[in-house]
Every structure is written in C-alpha cells, then in structure tokens.
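Chemist: Submitted below is the structure of interest, expressed as structure tokens.
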Amino acid sequence: PPPVIVLRGRVHMNESPDDPAIPRMVRLQIAMLCELGVKRLVLTCAAGSLIERYQVGDLVFMQSFVAFGNEVMPLWGGEFVSPEDVLVREWAPLAQAAAKQAGLTLHEDGDHAYVRGPHFEGRRHDKGNLARLGAKTVGMSVKPECCIAAVYSAQVMGIAFITNDAVAEHSHEENVARARAASNKLGAFLTNVVTTLP
C-alpha cells in the first residue's frame, strides 16, 4: 500500500479570527500535503446534527456543502474553485464498510454547513435555518480545507463525527469527551479507510 501521512490535529479558521496568519496556516497544512504528492485526503471533523436521524456518536459521509452567510475561505484572488467538487461520492460504500468493521453507524447522505465560529450556531434559529437550506450537519472545518484541495485537484473523503444533536445545549467540553470516548472506534474506522482507499 502507498505511504500514509497523518496530521495530529490541524489549524482551524476559528482559532484567532483577527489574525491574518490563521487563513495562511489553514491553507499551508493542506497545500504542504499536496506539494508532497498527496492526491487523496480524508478530512474529519466534529459536527452537530441538524436532523433527528443523525444521533450523537454516528458518522456522516459528506456529499455536499451548504453555504450559510458570508464565508471566509483561505483562498487567494482568482482562485475560483468549487470545494464540493473534490468530495468523492463514489467512496461512500468504502466508508460504510469501514464503519461497520469498526462498530460505527455511518450515514451516506451528508450535506454539511460550515460556520467559522468560534461561537456555536444558535439553537433557536440558526439550526432551523441551516436545516431549511438543506444542511444535515454543521461544523467549523472541512470546507476551507476542501477549497485548497480543489486548488491542487486532490480528492477528498469528508467525514463528520456527530458530537451534539439539534436541540441540546452546546458544550465544547462534552463534545471533546464524546470524541475521546469513541477514539478507539474512530481510529479503527480511519485505519480501515486508509488501507482500502483505491
């Protein structure tokens, strides 16, 4: 099998919204991988569910993005790309098989809304508005990284891990705890994915 590069975490657009270096770092981490010859990326995120069918602890395979508001992306002028086009929908069965092996439930029909944060989307209006636009999950990453992947014509599998539902109060600490509790299964899932990607 080909070699695999794994990032232990990554920089997100929300980490210091007023710092102009942040978008450059978000860009650099994906551009660096692509310059090293990476052609296929598996991008994961913690996300909130916007529909009842997606439960805490489930995985969601991203099929598309839903725009919400004025999104700031780590692109330069003239880079007219479509981040949705790098999502490889044909990899859904592969992800499904990997999830089953790891003992996880994966939904293949994910439509993901990106919000920069660091604030959570509101439960009273934002979540409903996003759902009406067609989004099923919401999170603070993946779309910016897909923009840079599109610049380099790389292919992407986008996977969301559901850490909170559409009605409960948000807690960053609880979201982190839920991801840690599922870390062994998530690690098994990712191992299954990277060893079977074509």
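Lettering and numbering for the structure tokens are positional, with chains as A, B, ... in the shown order, residues counted from 1 in each chain, and ligands counted from 1 in the shown order.
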Considering only C-alpha atoms, tabulate each residue of segment 97-181 of chain A that lies at most 8 Å from segment 58-73 of chain A along with its nearest interatomic pair and the corresponding distance in Å to one decimal; arrange the rows by chain and ascending residue number and present them as a tab-separated table.

Modeler:
residue	atom	partner	partner_atom	distance
A:Ala99	CA	A:Leu59	CA	8.0
A:Leu104	CA	A:Asp58	CA	6.6
A:Thr105	CA	A:Asp58	CA	5.2
A:Leu106	CA	A:Leu59	CA	4.5
A:His107	CA	A:Val60	CA	4.7
A:Glu108	CA	A:Phe61	CA	4.8
A:Asp109	CA	A:Gln63	CA	6.1
A:Gly110	CA	A:Met62	CA	4.4
A:Asp111	CA	A:Ser64	CA	4.9
A:His112	CA	A:Phe65	CA	4.7
A:Ala113	CA	A:Val66	CA	4.8
A:Tyr114	CA	A:Ala67	CA	7.1
A:Val115	CA	A:Phe68	CA	7.3
A:Arg116	CA	A:Glu71	CA	7.4
A:Leu130	CA	A:Phe68	CA	7.1
A:Leu133	CA	A:Val66	CA	7.0
A:Gly134	CA	A:Val66	CA	6.8
A:Ala135	CA	A:Val66	CA	5.8
A:Lys143	CA	A:Phe65	CA	7.4
A:Pro144	CA	A:Met73	CA	5.5
A:Cys147	CA	A:Met73	CA	7.4
A:Met157	CA	A:Met62	CA	7.3
A:Gly158	CA	A:Met62	CA	5.1
A:Ile159	CA	A:Phe61	CA	4.9
A:Ala160	CA	A:Val60	CA	5.0
A:Phe161	CA	A:Leu59	CA	4.7
A:Ile162	CA	A:Asp58	CA	5.5

Chemist: Residues within 12 Å of Ile30 of chain A, please, as JSON, numbers by chain. Count only C-alpha atoms; anything in the same chain fewer than 6 positions from it doesn't count.

Modeler: {"A": [5, 6, 7, 10, 11, 12, 23, 24, 36, 37, 38, 39, 40, 41, 42, 43, 74, 75, 142, 143, 144, 145, 146, 147, 148, 149, 150, 151, 152, 153, 154, 155, 156]}

Chemist: What does the distance between atom CA of Ser49 of chain A and atom CA of Thr163 of chain A come to in Å, to one decimal place?

Modeler: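 Between atom CA of Ser49 of chain A and atom CA of Thr163 of chain A the gap is 7.8 Å.
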
Chemist: By how many Å are atom CA of Asp19 of chain A and atom CA of Met140 of chain A apart?

Modeler: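 If I compute the distance from atom CA of Asp19 of chain A to atom CA of Met140 of chain A, I get 16.8 Å.
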
Chemist: In Å, with one decimal, what is the gap from atom CA of Ala98 of chain A to atom CA of Val193 of chain A?

Modeler: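 Taking atom CA of Ala98 of chain A as the start and atom CA of Val193 of chain A as the end point, the length is 5.8 Å.
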
Chemist: If you run DSSP on the backbone, which residues of segment 38-173 of chain A are strand (DSSP E or B), as a PyMOL selection string?

Modeler: chain A and resi 40-49+59-66+87+106-114+137-139+155-164

Chemist: From a DSSP pass on the backbone, collect the residues of segment 35-106 of chain A flagged as helix (DSSP H, G or I) and hand them back as a ChimeraX atom specification.

Modeler: /A:35,83-86,89-102

Chemist: Contacts of Asp165 of chain A at 12 Å or less, counting only C-alpha atoms, minus same-chain residues fewer than 5 places along, as a PyMOL selection string?

Modeler: chain A and resi 46-58+121+123+127+136-138+170-171+175

Chemist: In terms of the shortest atom-to-atom distance over only C-alpha atoms, which of A:Cys34, A:Ala102, A:Val26, A:Ala92 is closest to Gly187 of chain A?

Modeler: A:Ala102
